[in-house]
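Asks: Structure: upload.cif, mmCIF, C-alpha atoms.
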```cif
data_work
#
loop_
_atom_site.label_atom_id
_atom_site.label_comp_id
_atom_site.auth_asym_id
_atom_site.auth_seq_id
_atom_site.Cartn_x
_atom_site.Cartn_y
_atom_site.Cartn_z
CA MET A 1 0.00 0.00 0.00
CA ARG A 2 1.05 3.60 -0.49
CA PHE A 3 0.49 6.66 1.64
CA ASP A 4 1.31 10.07 0.19
CA VAL A 5 1.74 12.64 2.96
CA LEU A 6 1.26 16.35 2.32
CA THR A 7 3.23 18.17 5.00
CA LEU A 8 5.16 21.40 5.51
CA PHE A 9 7.58 19.46 7.71
CA PRO A 10 8.61 16.27 5.85
CA GLU A 11 11.78 16.07 7.95
CA LEU A 12 9.68 14.95 10.92
CA PHE A 13 8.99 11.60 9.25
CA ALA A 14 12.56 10.37 8.66
CA PRO A 15 13.34 9.30 12.25
CA PHE A 16 9.82 7.94 12.67
CA MET A 17 10.16 5.59 9.70
CA ALA A 18 13.66 4.47 10.69
CA SER A 19 12.84 3.54 14.29
CA GLY A 20 11.17 0.64 16.05
CA VAL A 21 9.76 -2.60 14.76
CA THR A 22 7.46 -0.89 12.24
CA ARG A 23 10.49 0.28 10.25
CA ARG A 24 10.33 -3.16 8.62
CA ALA A 25 7.09 -2.18 6.92
CA TYR A 26 8.62 0.98 5.46
CA GLU A 27 11.95 -0.60 4.49
CA SER A 28 10.20 -3.45 2.70
CA LYS A 29 7.73 -1.06 1.02
CA GLN A 30 4.83 -3.03 2.45
CA VAL A 31 3.78 0.43 3.53
CA GLU A 32 5.27 2.91 1.11
CA VAL A 33 5.34 6.51 2.33
CA VAL A 34 5.94 9.36 -0.12
CA LEU A 35 6.34 12.86 1.29
CA TRP A 36 5.15 16.01 -0.47
CA ASN A 37 5.71 19.60 0.64
CA PRO A 38 2.99 22.07 -0.45
CA ARG A 39 5.61 24.81 -0.31
CA ASP A 40 7.20 23.27 -3.42
CA PHE A 41 3.98 24.09 -5.28
CA ALA A 42 3.50 27.64 -3.98
CA GLN A 43 3.83 30.71 -6.18
CA GLY A 44 6.24 33.64 -5.87
CA ASN A 45 9.73 34.08 -4.50
CA TYR A 46 8.65 33.44 -0.92
CA LYS A 47 6.72 30.22 -1.70
CA ARG A 48 3.92 31.36 0.56
CA VAL A 49 1.49 28.68 1.73
CA ASP A 50 -0.58 30.65 4.26
CA ASP A 51 -2.35 33.99 4.58
CA ARG A 52 -4.48 36.01 6.97
CA PRO A 53 -8.06 34.79 7.53
CA PHE A 54 -10.90 36.73 5.92
CA GLY A 55 -12.97 38.37 8.63
CA GLY A 56 -9.93 38.88 10.82
CA GLY A 57 -8.81 36.97 13.85
CA PRO A 58 -5.59 35.44 15.13
CA GLY A 59 -3.29 33.11 13.26
CA MET A 60 -2.90 32.20 9.62
CA VAL A 61 -4.79 29.86 7.29
CA MET A 62 -3.24 27.42 4.81
CA MET A 63 -4.09 28.48 1.26
CA ALA A 64 -6.09 26.20 -1.03
CA GLU A 65 -4.02 26.69 -4.18
CA PRO A 66 -0.66 25.23 -3.05
CA LEU A 67 -2.44 22.33 -1.35
CA ALA A 68 -4.49 21.58 -4.47
CA ALA A 69 -1.43 21.68 -6.73
CA CYS A 70 0.47 19.43 -4.31
CA LEU A 71 -2.44 16.99 -4.12
CA ASP A 72 -2.72 16.89 -7.92
CA ALA A 73 0.96 15.98 -8.17
CA ALA A 74 0.60 13.25 -5.55
CA LEU A 75 -2.42 11.72 -7.26
CA ALA A 76 -0.68 11.89 -10.67
CA ALA A 77 2.33 10.08 -9.22
CA ARG A 78 0.04 7.38 -7.81
CA GLY A 79 -1.55 6.98 -11.22
CA ALA A 80 -5.05 6.68 -9.78
CA ASP A 81 -7.50 8.38 -7.47
CA ALA A 82 -7.18 7.69 -3.77
CA PRO A 83 -8.91 8.67 -0.54
CA VAL A 84 -7.80 12.07 0.70
CA VAL A 85 -7.61 12.16 4.49
CA LEU A 86 -7.48 15.31 6.60
CA PHE A 87 -6.72 15.11 10.31
CA SER A 88 -9.29 17.36 11.92
CA PRO A 89 -11.19 17.87 15.20
CA ILE A 90 -14.47 17.28 13.37
CA GLY A 91 -13.35 13.93 11.99
CA GLU A 92 -14.43 10.50 13.16
CA VAL A 93 -12.30 9.30 16.07
CA LEU A 94 -9.78 6.73 14.88
CA ARG A 95 -10.57 3.26 16.25
CA HIS A 96 -9.25 -0.25 15.71
CA VAL A 97 -11.97 -1.19 13.22
CA ALA A 98 -11.02 1.74 10.99
CA VAL A 99 -7.31 0.93 11.32
CA GLU A 100 -8.00 -2.61 10.12
CA LYS A 101 -9.81 -1.25 7.07
CA TRP A 102 -6.94 1.09 6.22
CA SER A 103 -4.44 -1.73 6.78
CA ALA A 104 -6.18 -3.80 4.10
CA SER A 105 -6.54 -0.88 1.66
CA GLU A 106 -4.29 0.47 -1.08
CA GLY A 107 -3.49 3.51 1.07
CA ALA A 108 -4.44 7.16 0.83
CA VAL A 109 -3.23 10.72 0.64
CA LEU A 110 -2.79 12.18 4.13
CA VAL A 111 -3.11 15.95 4.48
CA CYS A 112 -1.36 17.47 7.50
CA GLY A 113 -2.83 20.84 8.39
CA ARG A 114 -0.99 23.61 10.24
CA TYR A 115 -1.65 27.04 11.70
CA GLU A 116 -5.31 27.93 12.37
CA GLY A 117 -6.50 25.51 9.73
CA ILE A 118 -7.01 25.00 6.00
CA ASP A 119 -9.10 27.03 3.57
CA GLN A 120 -12.53 25.39 3.75
CA ARG A 121 -12.87 25.39 -0.03
CA PHE A 122 -10.03 22.88 -0.30
CA ILE A 123 -11.66 20.70 2.34
CA ASP A 124 -15.06 20.87 0.65
CA THR A 125 -13.79 20.01 -2.83
CA ARG A 126 -10.82 17.69 -2.29
CA VAL A 127 -11.00 15.93 1.08
CA THR A 128 -12.90 12.61 1.22
CA HIS A 129 -12.26 11.56 4.84
CA GLN A 130 -11.60 13.38 8.10
CA ILE A 131 -10.02 11.65 11.10
CA SER A 132 -9.53 12.77 14.70
CA LEU A 133 -7.32 11.25 17.39
CA GLY A 134 -9.53 12.61 20.15
CA ASP A 135 -10.83 15.75 21.82
CA PHE A 136 -7.61 17.74 21.86
CA VAL A 137 -5.70 19.92 19.42
CA LEU A 138 -2.21 19.33 18.01
CA SER A 139 0.02 21.93 16.40
CA GLY A 140 -0.21 20.04 13.13
CA GLY A 141 -1.43 16.87 11.48
CA GLU A 142 1.95 15.18 11.33
CA ILE A 143 1.67 13.36 14.66
CA ALA A 144 -1.82 12.17 13.71
CA ALA A 145 -0.52 10.94 10.35
CA MET A 146 2.27 9.06 12.11
CA ALA A 147 -0.26 7.50 14.47
CA LEU A 148 -2.28 6.15 11.55
CA LEU A 149 0.82 4.95 9.71
CA ASP A 150 2.15 3.18 12.81
CA ALA A 151 -1.18 1.51 13.55
CA VAL A 152 -1.46 0.32 9.94
CA ALA A 153 2.17 -0.78 9.62
CA ARG A 154 2.13 -3.04 12.69
CA LEU A 155 -0.78 -5.03 11.21
CA GLN A 156 1.16 -5.95 8.07
CA PRO A 157 2.36 -9.58 7.80
CA GLY A 158 5.90 -10.11 9.10
CA VAL A 159 6.27 -6.68 10.67
CA LEU A 160 5.87 -7.80 14.28
CA GLY A 161 8.22 -10.49 15.55
CA ASP A 162 5.29 -12.76 16.44
CA GLU A 163 2.41 -12.97 13.99
CA ALA A 164 0.00 -13.38 16.91
CA SER A 165 1.27 -10.30 18.77
CA HIS A 166 -1.56 -8.03 17.69
CA VAL A 167 -4.33 -10.60 18.14
CA GLN A 168 -4.57 -9.88 21.86
CA ASP A 169 -4.42 -6.11 21.38
CA SER A 170 -6.89 -3.89 23.15
CA PHE A 171 -10.01 -3.06 21.10
CA ASN A 172 -9.56 -5.96 18.66
CA PRO A 173 -13.12 -6.87 17.58
CA ALA A 174 -11.90 -10.15 16.10
CA LEU A 175 -11.19 -11.24 19.66
CA ASP A 176 -13.73 -9.46 21.86
CA GLY A 177 -13.07 -5.71 21.62
CA LEU A 178 -12.00 -5.51 25.27
CA LEU A 179 -8.90 -4.01 26.86
CA ASP A 180 -5.77 -6.13 27.12
CA CYS A 181 -4.78 -7.84 30.38
CA PRO A 182 -1.78 -6.92 32.57
CA HIS A 183 1.60 -8.42 31.64
CA TYR A 184 4.57 -9.49 33.80
CA THR A 185 8.17 -10.57 33.20
CA ARG A 186 11.37 -11.29 35.16
CA PRO A 187 12.28 -10.90 37.97
CA GLU A 188 9.61 -12.88 39.78
CA GLN A 189 9.88 -10.51 42.75
CA TRP A 190 10.33 -6.76 42.27
CA ASN A 191 10.15 -4.13 45.01
CA GLY A 192 8.26 -6.56 47.21
CA GLN A 193 5.69 -7.30 44.53
CA GLY A 194 5.24 -10.76 43.09
CA VAL A 195 3.72 -12.15 39.92
CA PRO A 196 0.11 -13.44 40.10
CA ALA A 197 0.17 -17.13 40.95
CA PRO A 198 -1.82 -18.35 37.91
CA LEU A 199 0.92 -17.07 35.59
CA LEU A 200 3.48 -19.24 37.39
CA SER A 201 1.31 -22.35 37.48
CA GLY A 202 2.19 -23.74 34.06
CA HIS A 203 -1.49 -24.63 33.71
CA HIS A 204 -2.48 -23.19 30.35
CA ALA A 205 -6.24 -23.27 30.90
CA GLN A 206 -5.83 -21.58 34.28
CA ILE A 207 -3.56 -18.93 32.76
CA GLU A 208 -5.99 -18.18 29.95
CA ARG A 209 -8.91 -17.93 32.39
CA TRP A 210 -6.93 -15.52 34.58
CA ARG A 211 -6.05 -13.37 31.59
CA ARG A 212 -9.64 -13.39 30.39
CA ASP A 213 -10.91 -12.42 33.84
CA GLN A 214 -8.38 -9.59 34.00
CA ARG A 215 -9.48 -8.30 30.59
CA LEU A 216 -13.08 -8.34 31.75
CA ALA A 217 -12.36 -6.67 35.10
CA MET A 218 -10.15 -3.95 33.65
CA THR A 219 -12.57 -3.18 30.85
CA ALA A 220 -15.56 -3.07 33.21
CA ALA A 221 -13.68 -0.64 35.47
CA LYS A 222 -12.16 1.61 32.82
CA ARG A 223 -14.32 1.25 29.68
CA PRO A 224 -17.73 -0.23 30.54
CA ASP A 225 -18.97 0.84 27.11
CA LEU A 226 -16.74 -1.84 25.60
CA ILE A 227 -18.37 -4.46 27.84
CA ASP A 228 -21.78 -3.35 26.58
CA ALA A 229 -20.58 -3.56 22.98
CA ALA A 230 -19.10 -7.03 23.49
CA ARG A 231 -22.30 -8.23 25.13
CA ALA A 232 -24.42 -6.82 22.30
CA ALA A 233 -22.18 -8.62 19.78
CA SER A 234 -22.52 -11.92 21.71
CA ARG A 235 -18.80 -12.01 22.48
CA LEU A 236 -19.30 -12.81 26.17
CA ASP A 237 -20.10 -16.34 27.36
CA LYS A 238 -21.57 -17.61 30.65
CA ALA A 239 -18.15 -17.83 32.29
CA ASP A 240 -17.49 -14.20 31.33
CA GLU A 241 -20.78 -13.04 32.79
CA THR A 242 -20.07 -14.97 35.99
CA ALA A 243 -16.65 -13.34 36.26
CA LEU A 244 -18.18 -9.90 35.76
CA LYS A 245 -20.76 -10.50 38.50
CA LYS A 246 -17.99 -11.47 40.93
CA LYS A 247 -16.25 -8.17 40.24
CA LEU A 248 -19.37 -6.08 40.91
#
```
Could you render the structure as structure tokens?

Replies:
Amino acid sequence: MRFDVLTLFPELFAPFMASGVTRRAYESKQVEVVLWNPRDFAQGNYKRVDDRPFGGGPGMVMMAEPLAACLDAALAARGADAPVVLFSPIGEVLRHVAVEKWSASEGAVLVCGRYEGIDQRFIDTRVTHQISLGDFVLSGGEIAAMALLDAVARLQPGVLGDEASHVQDSFNPALDGLLDCPHYTRPEQWNGQGVPAPLLSGHHAQIERWRRDQRLAMTAAKRPDLIDAARAASRLDKADETALKKKL
């Protein structure tokens, strides 16, 4: 798949794509990332990409013309139309289900806004999807773009060391959509705290039941909405319901 990223700060992406386990996806071109700077498509000696907002007010607004020219070049290089994604507070909050869809797609063009925002006319005529990371504001769309790229890259075959690593991830609807359970490693004793006995038992069924109960308890305490969703989707069995009642 290919993601074309429109950004005024392409240099932010180099260390991101060269670090961590997901670098395998970028090095192998399983997830190809092509960076485009709208400033390269701006007019005049100063290559201006922003201007004052009509109606007054603080800050600057990214101009539609350089963005449109940059987008045209990206789409021409792809050789076909593609979804055009803007990271925006009004967008749909990014969730695991959406990440799975993007991870199985042919990619998209990601538009990273800056300043006070982007000329609405560009959004109305060229953007096909808007995505939000949550109810907060970033200084630009680059971090949001990296979040989507990272989430997509780790789902590609061979990227994680263990193919089953992401199966138990929090929010995975293929499993149950619940939060993940706590994890422990060596040493067995640390600062006077031990490891839960079931994990040391060597009894696989007992270990899996403990992990399942922990997922249920943590989700019920922190994200009860996910319990409701799992129940509505018939992802909870009688043993799960019994475990939940014990925690109440």

Asks: How would you write, as a VMD selection string, the residues chosen by the PyMOL selection byres ((chain A and resi 32) around 9) on this structure?

Replies: chain A and resid 1 to 4 25 to 31 33 to 34 107

Asks: Between A:Leu35, A:Ala64, A:Ala153, A:Cys181, which is the closest to Val99 in chain A once you count all atoms listed in the file?

Replies: A:Ala153

Asks: What do you get, as a short mmCIF file (atom, residue, chain, number, x, y, z; two decimals) with C-alpha atoms, in the coordinates of the input, if you spell out every residue that the PyMOL selection byres ((chain A and resi 182) around 8) selects here?

Replies:
```
data_model
loop_
_atom_site.label_atom_id
_atom_site.label_comp_id
_atom_site.auth_asym_id
_atom_site.auth_seq_id
_atom_site.Cartn_x
_atom_site.Cartn_y
_atom_site.Cartn_z
CA ASP A 180 -5.77 -6.13 27.12
CA CYS A 181 -4.78 -7.84 30.38
CA HIS A 183 1.60 -8.42 31.64
CA TYR A 184 4.57 -9.49 33.80
CA ARG A 211 -6.05 -13.37 31.59
CA GLN A 214 -8.38 -9.59 34.00
#
```

Asks: Applied to this file, what does the PyMOL selection byres ((chain A and resi 78-87) around 6) return in terms of residues, put as a compact mmCIF listing (two decimals) with C-alpha atoms, keeping the file's coordinate frame?

Replies:
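After the write, selection.txt holds the following:
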```
# COMPACT_ATOMS: atom_id res chain seq x y z
CA LEU A 75 -2.42 11.72 -7.26
CA ALA A 76 -0.68 11.89 -10.67
CA ALA A 77 2.33 10.08 -9.22
CA SER A 88 -9.29 17.36 11.92
CA ALA A 108 -4.44 7.16 0.83
CA VAL A 109 -3.23 10.72 0.64
CA LEU A 110 -2.79 12.18 4.13
CA VAL A 111 -3.11 15.95 4.48
CA VAL A 127 -11.00 15.93 1.08
CA THR A 128 -12.90 12.61 1.22
CA HIS A 129 -12.26 11.56 4.84
CA GLN A 130 -11.60 13.38 8.10
CA ILE A 131 -10.02 11.65 11.10
CA SER A 132 -9.53 12.77 14.70
CA GLY A 141 -1.43 16.87 11.48
```

Asks: Hey, what's within 6 Å of Pro66 in chain A if we count all atoms listed in the file and toss same-chain stuff fewer than 5 positions away? As a ChimeraX atom specification, please?

Replies: /A:38,41-42

Asks: Rounded to one decimal, what separation in Å do you get between CA of Ile118 in chain A and CA of Leu71 in chain A?

Replies: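 Rounded to one decimal, the two atoms are 13.7 Å apart.
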
Asks: May I ask for the distance between CA of Val195 in chain A and CA of Ala217 in chain A, given in Å to one decimal place?

Replies: 17.7 Å

Asks: Check the smallest atom-to-atom distance from each of A:Gly91, A:Pro198, A:Pro157, A:Gly57 to Ala104 in chain A using all atoms listed in the file, then report the winner.

Replies: A:Pro157

Asks: What's the separation between CA of Ala197 in chain A and CA of Arg231 in chain A, in Å to one decimal place?

Replies: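 Rounded to one decimal, the two atoms are 28.9 Å apart.
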
Asks: Around all of range 176-195 of chain A's listed atoms, make the axis-aligned box with 8 Å on each side and tell me centre and edge lengths in Å to one decimal, as lines of an AutoDock Vina configuration file.

Replies:
```
center_x = -0.7
center_y = -8.4
center_z = 34.4
size_x = 42.0
size_y = 24.9
size_z = 41.6
```
